[in-house]
Amino acid sequence: MAVVASAPGKVLMTGGYLILERPNAGIVLSTNARFYAIVKPIYDDVKPDNWAWSWTDVKLTSPQLSRETVYKLSLKDLMLQCVSSSDLRNPFIEQAVQYSVASAHARFDKNKKDMLRKLLSQGLDITILGCNEFYSYRNQIEARGLPLTPEALAALPPFASITFNAEESNGEKCKPEVAKTGLGSSAAMTTAVVAALLHYLGVVHLPSLTQGQHQEKDRVDLDLVHVIAQCAHCIAQGKVGSGFDVSSAVYGSQRYVRFSPEVLSAAQVAVEGKPLQEVIGDVLGGTWDHERTKFSLPPMMTLLLGEPGAGGSSTPSMVGAVKKWQKSEPQKSLETWTKLLEANSALEQQLNSLSKLAEEHWDAYKCVIKGCSMLRSEKWMEQAVEPNQKAVVKAMLGARDAMLQIRCQMRQMGEAAGIPIEPKSQTELLDATMNVEGVLFAGVPGAGGFDAIFAVTLGNSSSNVTKTWSTLHVLALLVREDPHGVSLESCDPRAKEITSAISSVHLE
C-alpha cells in the first residue's frame with residue numbers, strides 16, 4: 001500500500017536576515033505549490049535471503065529529473081550506502097530516510113521493532129514530485145515563442161521535466177544546476193519525504209486536508225514530523241538555519257520565531273561519526289523552543305509572485321555578507337536592524353488589524369476592498385465614508401507605508417554589506433508594481449536578491465498586476481497563499497487530471 005504525503009512551498013514576507021536571530025519574528029506564508037513524496041514497498045513479501053535481515057534496498061526516483069538512485073540501508077546502524085553513481089545522490093532525501101527510520105526504532109517497543117524490521121525488509125520505494133511552480137520554465141516558454149503569461153504556465157503538463165542550466169566557465173562546463181523560483185523546494189521535499197516515511201512506518205498518522213481542524217493527536221504527530229524534518233534538512237545543508245521554511249512546510253502559514261540552534265548539536269556530532277541510534281534520543285528529547293502563531297493574509301487579499309528572469313541569488317553567501325558587515329560596523333548595523341524590526345512589527349500589526357476589522361465589520365471591510373481594488377493608493381481614502389471604512393483604509397495605508405520602510409532598510413543593509421538585497425532592477429519593478437491599481441504592497445521575499453518578487457493585491461485586481469508584469473518581461477507564477485501545511489494525500493498526484501496548484505488558480 002502506497003503512502004502519499006505533500007508539503008507546501010513558502011514565501012517569507014517579513015523577517016529576512018532578522019529571523020536568523022531569536023527572538024526576532026518573521027511572517028511566512030505557505031503556498032499552493034506542493035512537493036509530493038510517494039512511499040511503497042519494493043517487494044511484495046519479505047525477502048528470504050539471510051542478508052536481507054542485515055541490509056535492505058532503498059530506491060529513490062525523481063521522474064522530473066529522469067533520475068533513479070539505489071541505496072542499501074543497514075538495518076544495524078540505519079545508515080545508507082549509495083550503490084548508484086555518486087552524481088545522483090540527494091543528501092536531503094538520504095538524511096530524511098536515516099532520521100525517519102531511526103526515530104521509528106527509538107519510539108517502538110520490541111514487538112513493533114520486529115514488525116518494523118519486516119516492513120523495512122520489503123525495501124523502500126520513494127518517488128518525489130514537485131509542482132511546476134518550484135521551478136523556472138520561462139526559458140521553455142520563450143523558446144516556444146509563447147507570451148510570458150500565467151496561461152502559458154498553466155498549459156504545461158503537471159510535474160513537467162526540469163531542464164538543467166549548463167553554463168560555460170573559463171572554457172569548462174560547470175555542474176548543471178536547476179533553475180528555481182525560491183519557494184523552498186528542499187524544505188518542502190524533505191518534509192514530504194519525512195512525513196510519508198513516518199506515516200508508512202506507523203510512527204505517525206498524518207491528517208488529510210479534508211479533515212479540517214487538527215486534533216491534539218495530530219498536533220503531536222506533526223511536532224514529530226517537524227523535529228525530524230528540521231534535523232534532516234539542517235544536516236543535509238551542512239548548517240543549522242532558521243528553520244522557517246521547514247516549519248511552514250509542516251504547519252502552514254505562521255508568524256515564526258526560530259529554535260535555539262543548540263537543540264541540534266547532537267545531530268551535528270552524529271555527522272562526525274557518533275552512531276545515529278545514540279543521538280536520535282537527544283534530538284527527539286531536546287527542547288524545541290521555536291514559536292509559531294497562526295497567521296494568514298486578511299480576507300479578499302491575494303498573494304502573487306513574479307519571476308523577473310534574472311537567475312536567482314545565493315542566500316547563504318548573502319547571509320554571510322550581512323554577518324560580516326554586522327561585525328565590521330556594529331553600531332550602524334544595529335541602527336538598521338532596529339528600524340527594520342520596527343517596520344516588520346508595524347506591518348504585522350496592520351495586517352492583524354485588517355483581519356480583525358474584516359471579522360467585526362465585514363460589510364464596511366468588503367465595500368472598501370472592492371472599491372480600492374480599482375484605484376491607486378492615493379485615491380483609497382476617497383472610498384471611505386463612515387468611521388469603520390476609514391479605519392480599514394488607514395490600516396491598508398499603514399501596511400503599505402510599513403512595507404516601504406522595510407524595503408528602504410533592506411536596501412540600505414544591502415548597500416552597506418555590498419550585496420544586492422533589493423537591486424536597482426528590482427526597485428524599479430517593485431515601484432511600478434506598487435503603482436498599479438489595487439496593489440496593497442510589493443517586495444522581495446526572504447533574503448532578497450534576484451529571486452521572484454511578491455505582491456499582495458486587493459479583491460479582483462490580480463489581473464492588473466499580471467498584465468503590467470507581462471509588459472515588463474516578468475512572468476506571473478501560478479502561486480497563491482494556501483495556509484495548510486503537510487498532509488496525507490488520497491492518491492498519486494499524477495493520477496489526477498490536473499494538479500491542485502493549477503486548478504486552484506482562476507485565471508482572469
# chains A, B, ... in the order shown; residues from 1 in each chain; ligands from 1
>>> residues_around(residues="region 36-44 of chain A", least_positions_apart="6", cutoff="9 Å", atoms="only C-alpha atoms", output="PyMOL selection string")
chain A and resi 1-7+57-59+119-131+188-197+200+489+491-493
>>> select_by_dssp(residues="region 114-294 of chain A", states="helix (DSSP H, G or I)", output="PyMOL selection string")
chain A and resi 114-121+132-134+138-143+150-154+185-200+209-211+216-237+244-251+261-271+276-285
>>> closest_residue(among="A:Val227, A:Leu297, A:Leu284, A:Ala106", to="Ser253 (chain A)", atoms="only C-alpha atoms")
A:Leu297
>>> closest_residue(among="A:Leu222, A:Ala187, A:Met374, A:Leu198", to="Val486 (chain A)", atoms="only C-alpha atoms")
A:Leu222
>>> closest_residue(among="A:Leu148, A:Ala179, A:Val444, A:Ile280", to="Tyr99 (chain A)", atoms="only C-alpha atoms")
A:Ile280
>>> select_by_dssp(residues="region 153-395 of chain A", states="strand (DSSP E)", output="list in words")
Phe164, Asn165, Glu168, Ser169, Glu172, Lys173, Glu177, Val178, Gln254, Arg255, Tyr256, Val257, Glu291, Arg292, Thr293, Lys294, Met301, Thr302, Leu303, Leu304, Leu305, Gly306 and Glu307 of chain A
>>> closest_atom_pairs(of="region 371-400 of chain A", to="region 341-348 of chain A", cutoff="10 Å", atoms="only C-alpha atoms", output="CSV")
residue,atom,partner,partner_atom,distance
A:Ala395,CA,A:Leu347,CA,9.3
A:Met396,CA,A:Leu347,CA,9.6
A:Gly398,CA,A:Leu347,CA,7.4
A:Ala399,CA,A:Leu347,CA,5.0
A:Arg400,CA,A:Leu347,CA,7.9
>>> write_last_selection(atoms="N, CA and C atoms", output="mmCIF file, in the first residue's frame")
data_model
loop_
_atom_site.group_PDB
_atom_site.id
_atom_site.type_symbol
_atom_site.label_atom_id
_atom_site.label_comp_id
_atom_site.auth_asym_id
_atom_site.auth_seq_id
_atom_site.Cartn_x
_atom_site.Cartn_y
_atom_site.Cartn_z
ATOM 1 N N ALA A 395 -5.596 51.362 7.965
ATOM 2 C CA ALA A 395 -4.749 50.177 8.184
ATOM 3 C C ALA A 395 -4.064 49.742 6.896
ATOM 4 N N MET A 396 -4.778 49.849 5.767
ATOM 5 C CA MET A 396 -4.176 49.498 4.471
ATOM 6 C C MET A 396 -3.005 50.423 4.144
ATOM 7 N N GLY A 398 -1.303 52.107 6.289
ATOM 8 C CA GLY A 398 -0.266 51.828 7.288
ATOM 9 C C GLY A 398 0.577 50.624 6.888
ATOM 10 N N ALA A 399 -0.084 49.578 6.368
ATOM 11 C CA ALA A 399 0.640 48.386 5.900
ATOM 12 C C ALA A 399 1.545 48.740 4.727
ATOM 13 N N ARG A 400 1.022 49.565 3.845
ATOM 14 C CA ARG A 400 1.790 49.997 2.668
ATOM 15 C C ARG A 400 3.039 50.792 3.085
#
>>> closest_atom_pairs(of="region 349-417 of chain A", to="region 298-303 of chain A", cutoff="8 Å", atoms="only C-alpha atoms", output="Markdown table")
| residue | atom | partner | partner_atom | distance |
| --- | --- | --- | --- | --- |
| A:Leu351 | CA | A:Pro298 | CA | 6.6 |
| A:Asn352 | CA | A:Pro298 | CA | 7.6 |
| A:Leu354 | CA | A:Pro298 | CA | 6.1 |
| A:Ser355 | CA | A:Pro298 | CA | 4.7 |
| A:Ala358 | CA | A:Pro299 | CA | 7.0 |
| A:Lys366 | CA | A:Met300 | CA | 7.8 |
| A:Ile369 | CA | A:Met300 | CA | 7.2 |
>>> closest_residue(among="A:Ala102, A:Ala143, A:Val225, A:Leu183", to="Asp282 (chain A)", atoms="only C-alpha atoms")
A:Ala102
>>> residues_around(residues="region 473-480 of chain A", least_positions_apart="5", cutoff="8 Å", atoms="only C-alpha atoms", output="VMD selection string")
chain A and resid 31 to 33 133 138 148 to 150 153 to 154 302 to 309 466 501 to 502 505
>>> atom_distance(atom1="CA of Ser100 (chain A)", atom2="CA of Pro483 (chain A)")
25.3 Å
>>> residues_around(residues="region 201-204 of chain A", least_positions_apart="2", cutoff="7 Å", atoms="only C-alpha atoms", output="number ranges by chain")
A: 104, 116, 197-199, 206, 221
>>> write_last_selection(atoms="C-alpha atoms", output="mmCIF file, in the first residue's frame")
data_model
loop_
_atom_site.group_PDB
_atom_site.id
_atom_site.type_symbol
_atom_site.label_atom_id
_atom_site.label_comp_id
_atom_site.auth_asym_id
_atom_site.auth_seq_id
_atom_site.Cartn_x
_atom_site.Cartn_y
_atom_site.Cartn_z
ATOM 1 C CA ALA A 104 10.856 4.683 14.430
ATOM 2 C CA LEU A 116 9.332 -2.528 11.506
ATOM 3 C CA LEU A 197 8.002 7.673 5.723
ATOM 4 C CA LEU A 198 6.841 8.221 9.310
ATOM 5 C CA HIS A 199 3.248 7.521 8.271
ATOM 6 C CA LEU A 206 -0.968 12.289 9.225
ATOM 7 C CA ASP A 221 2.367 13.767 15.243
#
>>> closest_residue(among="A:Ser333, A:Thr14, A:Thr69, A:Thr293", to="Val28 (chain A)", atoms="only C-alpha atoms")
A:Thr14
>>> closest_residue(among="A:Leu156, A:Leu430, A:Cys372, A:Val283", to="Pro445 (chain A)", atoms="only C-alpha atoms")
A:Leu430
>>> residues_around(residues="Leu340 (chain A)", least_positions_apart="5", cutoff="8 Å", atoms="only C-alpha atoms", output="ChimeraX atom specification")
/A:405-406,409-410
>>> write_last_selection(atoms="N, CA, C and O atoms", output="mmCIF file, in the first residue's frame")
data_model
loop_
_atom_site.group_PDB
_atom_site.id
_atom_site.type_symbol
_atom_site.label_atom_id
_atom_site.label_comp_id
_atom_site.auth_asym_id
_atom_site.auth_seq_id
_atom_site.Cartn_x
_atom_site.Cartn_y
_atom_site.Cartn_z
ATOM 1 N N GLN A 405 8.994 51.125 4.254
ATOM 2 C CA GLN A 405 10.070 51.282 5.235
ATOM 3 C C GLN A 405 10.944 50.024 5.284
ATOM 4 O O GLN A 405 12.173 50.125 5.385
ATOM 5 N N ILE A 406 10.310 48.841 5.220
ATOM 6 C CA ILE A 406 11.066 47.585 5.180
ATOM 7 C C ILE A 406 12.000 47.578 3.977
ATOM 8 O O ILE A 406 13.190 47.265 4.089
ATOM 9 N N GLN A 409 15.020 49.975 4.468
ATOM 10 C CA GLN A 409 16.051 49.455 5.374
ATOM 11 C C GLN A 409 16.802 48.273 4.751
ATOM 12 O O GLN A 409 18.011 48.130 4.937
ATOM 13 N N MET A 410 16.083 47.421 4.028
ATOM 14 C CA MET A 410 16.735 46.284 3.359
ATOM 15 C C MET A 410 17.712 46.782 2.291
ATOM 16 O O MET A 410 18.811 46.235 2.133
#
>>> decode(residues="region 89-127 of chain A", atoms="N, CA and C atoms", output="PDB file, in the first residue's frame")
ATOM      1  N   ARG A  89      23.217  11.498  -6.092  1.00  0.00           N
ATOM      2  CA  ARG A  89      22.820  11.494  -4.680  1.00  0.00           C
ATOM      3  C   ARG A  89      22.032  12.749  -4.307  1.00  0.00           C
ATOM      4  N   ASN A  90      21.092  12.564  -3.388  1.00  0.00           N
ATOM      5  CA  ASN A  90      20.289  13.664  -2.864  1.00  0.00           C
ATOM      6  C   ASN A  90      20.427  13.652  -1.337  1.00  0.00           C
ATOM      7  N   PRO A  91      21.274  14.520  -0.779  1.00  0.00           N
ATOM      8  CA  PRO A  91      21.544  14.475   0.659  1.00  0.00           C
ATOM      9  C   PRO A  91      20.301  14.723   1.516  1.00  0.00           C
ATOM     10  N   PHE A  92      19.354  15.521   1.020  1.00  0.00           N
ATOM     11  CA  PHE A  92      18.141  15.806   1.797  1.00  0.00           C
ATOM     12  C   PHE A  92      17.305  14.544   1.977  1.00  0.00           C
ATOM     13  N   ILE A  93      17.179  13.753   0.903  1.00  0.00           N
ATOM     14  CA  ILE A  93      16.412  12.510   1.000  1.00  0.00           C
ATOM     15  C   ILE A  93      17.167  11.495   1.848  1.00  0.00           C
ATOM     16  N   GLU A  94      18.478  11.430   1.678  1.00  0.00           N
ATOM     17  CA  GLU A  94      19.275  10.483   2.459  1.00  0.00           C
ATOM     18  C   GLU A  94      19.103  10.726   3.956  1.00  0.00           C
ATOM     19  N   GLN A  95      19.217  11.969   4.376  1.00  0.00           N
ATOM     20  CA  GLN A  95      19.061  12.279   5.800  1.00  0.00           C
ATOM     21  C   GLN A  95      17.627  12.052   6.259  1.00  0.00           C
ATOM     22  N   ALA A  96      16.665  12.363   5.387  1.00  0.00           N
ATOM     23  CA  ALA A  96      15.255  12.142   5.727  1.00  0.00           C
ATOM     24  C   ALA A  96      14.988  10.661   6.003  1.00  0.00           C
ATOM     25  N   VAL A  97      15.555   9.785   5.168  1.00  0.00           N
ATOM     26  CA  VAL A  97      15.370   8.340   5.340  1.00  0.00           C
ATOM     27  C   VAL A  97      16.031   7.881   6.640  1.00  0.00           C
ATOM     28  N   GLN A  98      17.282   8.268   6.844  1.00  0.00           N
ATOM     29  CA  GLN A  98      18.028   7.793   8.018  1.00  0.00           C
ATOM     30  C   GLN A  98      17.384   8.242   9.327  1.00  0.00           C
ATOM     31  N   TYR A  99      17.007   9.519   9.416  1.00  0.00           N
ATOM     32  CA  TYR A  99      16.437  10.023  10.664  1.00  0.00           C
ATOM     33  C   TYR A  99      15.008   9.538  10.879  1.00  0.00           C
ATOM     34  N   SER A 100      14.249   9.326   9.808  1.00  0.00           N
ATOM     35  CA  SER A 100      12.885   8.803   9.953  1.00  0.00           C
ATOM     36  C   SER A 100      12.913   7.369  10.474  1.00  0.00           C
ATOM     37  N   VAL A 101      13.784   6.529   9.895  1.00  0.00           N
ATOM     38  CA  VAL A 101      13.892   5.129  10.328  1.00  0.00           C
ATOM     39  C   VAL A 101      14.434   5.068  11.761  1.00  0.00           C
ATOM     40  N   ALA A 102      15.417   5.933  12.059  1.00  0.00           N
ATOM     41  CA  ALA A 102      15.990   5.952  13.417  1.00  0.00           C
ATOM     42  C   ALA A 102      14.946   6.362  14.452  1.00  0.00           C
ATOM     43  N   SER A 103      14.080   7.312  14.106  1.00  0.00           N
ATOM     44  CA  SER A 103      13.056   7.750  15.055  1.00  0.00           C
ATOM     45  C   SER A 103      12.035   6.637  15.301  1.00  0.00           C
ATOM     46  N   ALA A 104      11.752   5.832  14.255  1.00  0.00           N
ATOM     47  CA  ALA A 104      10.856   4.683  14.430  1.00  0.00           C
ATOM     48  C   ALA A 104      11.471   3.688  15.416  1.00  0.00           C
ATOM     49  N   HIS A 105      12.766   3.404  15.243  1.00  0.00           N
ATOM     50  CA  HIS A 105      13.471   2.498  16.152  1.00  0.00           C
ATOM     51  C   HIS A 105      13.417   3.008  17.588  1.00  0.00           C
ATOM     52  N   ALA A 106      13.604   4.335  17.732  1.00  0.00           N
ATOM     53  CA  ALA A 106      13.673   4.919  19.072  1.00  0.00           C
ATOM     54  C   ALA A 106      12.324   4.883  19.792  1.00  0.00           C
ATOM     55  N   ARG A 107      11.240   4.929  19.052  1.00  0.00           N
ATOM     56  CA  ARG A 107       9.923   5.047  19.664  1.00  0.00           C
ATOM     57  C   ARG A 107       9.178   3.717  19.815  1.00  0.00           C
ATOM     58  N   PHE A 108       9.650   2.672  19.124  1.00  0.00           N
ATOM     59  CA  PHE A 108       8.930   1.398  19.134  1.00  0.00           C
ATOM     60  C   PHE A 108       9.444   0.454  20.223  1.00  0.00           C
ATOM     61  N   ASP A 109       8.522  -0.395  20.769  1.00  0.00           N
ATOM     62  CA  ASP A 109       8.931  -1.462  21.674  1.00  0.00           C
ATOM     63  C   ASP A 109       9.385  -2.662  20.841  1.00  0.00           C
ATOM     64  N   LYS A 110       9.745  -3.775  21.515  1.00  0.00           N
ATOM     65  CA  LYS A 110      10.331  -4.925  20.810  1.00  0.00           C
ATOM     66  C   LYS A 110       9.385  -5.493  19.750  1.00  0.00           C
ATOM     67  N   ASN A 111       8.099  -5.650  20.059  1.00  0.00           N
ATOM     68  CA  ASN A 111       7.150  -6.210  19.090  1.00  0.00           C
ATOM     69  C   ASN A 111       7.033  -5.330  17.849  1.00  0.00           C
ATOM     70  N   LYS A 112       6.944  -4.021  18.095  1.00  0.00           N
ATOM     71  CA  LYS A 112       6.824  -3.104  16.964  1.00  0.00           C
ATOM     72  C   LYS A 112       8.121  -3.045  16.154  1.00  0.00           C
ATOM     73  N   LYS A 113       9.256  -3.213  16.842  1.00  0.00           N
ATOM     74  CA  LYS A 113      10.538  -3.211  16.128  1.00  0.00           C
ATOM     75  C   LYS A 113      10.640  -4.412  15.201  1.00  0.00           C
ATOM     76  N   ASP A 114      10.117  -5.567  15.630  1.00  0.00           N
ATOM     77  CA  ASP A 114      10.111  -6.747  14.751  1.00  0.00           C
ATOM     78  C   ASP A 114       9.250  -6.489  13.514  1.00  0.00           C
ATOM     79  N   MET A 115       8.096  -5.851  13.706  1.00  0.00           N
ATOM     80  CA  MET A 115       7.219  -5.514  12.583  1.00  0.00           C
ATOM     81  C   MET A 115       7.900  -4.500  11.658  1.00  0.00           C
ATOM     82  N   LEU A 116       8.607  -3.541  12.275  1.00  0.00           N
ATOM     83  CA  LEU A 116       9.332  -2.528  11.506  1.00  0.00           C
ATOM     84  C   LEU A 116      10.411  -3.180  10.648  1.00  0.00           C
ATOM     85  N   ARG A 117      11.125  -4.139  11.230  1.00  0.00           N
ATOM     86  CA  ARG A 117      12.205  -4.834  10.514  1.00  0.00           C
ATOM     87  C   ARG A 117      11.644  -5.581   9.302  1.00  0.00           C
ATOM     88  N   LYS A 118      10.496  -6.224   9.480  1.00  0.00           N
ATOM     89  CA  LYS A 118       9.868  -6.943   8.359  1.00  0.00           C
ATOM     90  C   LYS A 118       9.425  -5.971   7.265  1.00  0.00           C
ATOM     91  N   LEU A 119       8.865  -4.845   7.706  1.00  0.00           N
ATOM     92  CA  LEU A 119       8.419  -3.840   6.738  1.00  0.00           C
ATOM     93  C   LEU A 119       9.601  -3.279   5.948  1.00  0.00           C
ATOM     94  N   LEU A 120      10.679  -2.975   6.672  1.00  0.00           N
ATOM     95  CA  LEU A 120      11.871  -2.439   6.006  1.00  0.00           C
ATOM     96  C   LEU A 120      12.502  -3.471   5.079  1.00  0.00           C
ATOM     97  N   SER A 121      12.385  -4.762   5.425  1.00  0.00           N
ATOM     98  CA  SER A 121      12.974  -5.824   4.601  1.00  0.00           C
ATOM     99  C   SER A 121      12.299  -5.927   3.226  1.00  0.00           C
ATOM    100  N   GLN A 122      11.122  -5.351   3.099  1.00  0.00           N
ATOM    101  CA  GLN A 122      10.462  -5.304   1.789  1.00  0.00           C
ATOM    102  C   GLN A 122      11.005  -4.167   0.925  1.00  0.00           C
ATOM    103  N   GLY A 123      11.920  -3.404   1.484  1.00  0.00           N
ATOM    104  CA  GLY A 123      12.517  -2.300   0.733  1.00  0.00           C
ATOM    105  C   GLY A 123      11.650  -1.048   0.789  1.00  0.00           C
ATOM    106  N   LEU A 124      12.261   0.088   0.473  1.00  0.00           N
ATOM    107  CA  LEU A 124      11.556   1.372   0.427  1.00  0.00           C
ATOM    108  C   LEU A 124      11.670   1.947  -0.975  1.00  0.00           C
ATOM    109  N   ASP A 125      10.539   2.111  -1.621  1.00  0.00           N
ATOM    110  CA  ASP A 125      10.475   2.707  -2.956  1.00  0.00           C
ATOM    111  C   ASP A 125       9.927   4.121  -2.787  1.00  0.00           C
ATOM    112  N   ILE A 126      10.774   5.131  -2.995  1.00  0.00           N
ATOM    113  CA  ILE A 126      10.403   6.532  -2.746  1.00  0.00           C
ATOM    114  C   ILE A 126      10.416   7.309  -4.060  1.00  0.00           C
ATOM    115  N   THR A 127       9.311   7.975  -4.357  1.00  0.00           N
ATOM    116  CA  THR A 127       9.224   8.833  -5.545  1.00  0.00           C
ATOM    117  C   THR A 127       8.936  10.259  -5.089  1.00  0.00           C
TER     118      THR A 127
END
